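Student: What follows is a single structure, and I will ask about it in a moment.
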Amino acid sequence: MSIAGDHAHNDMAGQGDEYWDPEDPESEDNSWYEYFNHNGFQSNVPLSGNHPLGLLELPGVLQVWINHTKNAEFLEDAYHSMYPEE
């Protein structure tokens with residue numbers, strides 16, 4: 001989830017009464033945020049304004065992704081150097 005779209009906003013990070021059904025706590029219409037908070041866990045959703053951040057909007061995660069991409073390019077070149085016919 002490099003960016004946070006509708007699924008992240010509603011199903012995962014939705015906050016408030018519209019995202020929680022007290023009569024059916026196991027309902028798939030409840031957000032994960034509300035589910036965990038109603039079950040004794042404190043949840044924190046990184047926000048930009050009132051929207052949850054996607055993973056690549058978090059600087060530490062973005063740097064890991066960049067590093068892995070660079071390593072993948074290097075490994076692909078190394079692989080093709082070792083096995084030129086593939």
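If you're wondering about the labels, chains in the structure tokens are A, B, ... by order shown, residues count from 1 in each chain, ligands from 1 in order shown.
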Would you pick out the contacts of region 47-61 of chain A at 6 Å or less, using only C-alpha atoms, so that residues sharing its chain but fewer than 4 positions from it are not included, and give the list as a list of chain:residue names?
Tutor: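 Once the adjacent positions are removed, what remains is A:Ser2, A:Ile3, A:Ala4.
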Student: Any chance you can output those residues with N, CA and C atoms as a compact mmCIF listing (two decimals), in the first residue's frame?
Tutor:
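Saved result, selection-v3.txt, follows:
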```txt
# COMPACT_ATOMS: atom_id res chain seq x y z
N SER A 2 1.41 1.53 -1.16
CA SER A 2 2.31 2.67 -1.26
C SER A 2 1.58 4.00 -1.08
N ILE A 3 0.33 4.04 -1.47
CA ILE A 3 -0.49 5.23 -1.22
C ILE A 3 -1.74 4.78 -0.47
N ALA A 4 -2.35 5.68 0.25
CA ALA A 4 -3.53 5.34 1.03
C ALA A 4 -4.78 5.79 0.29
```
Student: With a cut-off of 7 Å, could you pull out the residues of region 23-82 of chain A touching region 6-17 of chain A and give me the nearest pair of atoms for each, distance in Å to one decimal, using only C-alpha atoms, ordered by chain and ascending number, as CSV?
Tutor:
```
residue,atom,partner,partner_atom,distance
A:Asn30,CA,A:Asp11,CA,6.8
A:Ser31,CA,A:Asp11,CA,4.5
A:Trp32,CA,A:Met12,CA,4.7
A:Tyr33,CA,A:Ala13,CA,5.1
A:Glu34,CA,A:Gln15,CA,6.3
A:Val45,CA,A:Ala13,CA,6.6
A:His51,CA,A:His9,CA,6.6
A:Pro52,CA,A:His9,CA,6.1
```
Student: Residues of region 1-71 of chain A classed as alpha helix (DSSP H) by DSSP on the backbone are to be reported as a PyMOL selection string.
Tutor: chain A and resi 6-7+32-38+59-71
Student: Would you export the selected residues with C-alpha atoms as a CSV table (one decimal), in the first residue's frame, please?
Tutor:
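File produced: selection.csv:
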```csv
chain,number,residue,atom,x,y,z
A,6,ASP,CA,-10.3,4.4,-0.2
A,7,HIS,CA,-9.6,1.0,1.4
A,32,TRP,CA,-9.5,-2.0,12.0
A,33,TYR,CA,-8.8,1.3,13.9
A,34,GLU,CA,-12.2,1.1,15.7
A,35,TYR,CA,-11.9,-2.7,16.2
A,36,PHE,CA,-8.6,-2.4,18.0
A,37,ASN,CA,-9.6,0.6,20.0
A,38,HIS,CA,-12.8,-1.1,21.2
A,59,PRO,CA,10.2,8.8,5.1
A,60,GLY,CA,11.8,5.7,6.7
A,61,VAL,CA,9.7,3.3,4.6
A,62,LEU,CA,10.4,5.2,1.5
A,63,GLN,CA,14.1,5.0,2.1
A,64,VAL,CA,13.9,1.2,2.6
A,65,TRP,CA,11.9,0.9,-0.7
A,66,ILE,CA,14.5,3.0,-2.6
A,67,ASN,CA,17.3,0.9,-1.2
A,68,HIS,CA,15.6,-2.4,-2.1
A,69,THR,CA,14.9,-1.1,-5.6
A,70,LYS,CA,18.6,-0.2,-6.1
A,71,ASN,CA,19.6,-3.6,-4.8
```
Student: So that I can check the secondary structure, give me every residue of region 1-83 of chain A assigned strand (DSSP E or B) by backbone DSSP, as a PyMOL selection string.
Tutor: chain A and resi 47-48+51-52
Student: For CA of Glu28 (chain A) and CA of Pro46 (chain A), quote the distance in Å rounded to one decimal.
Tutor: 22.2 Å
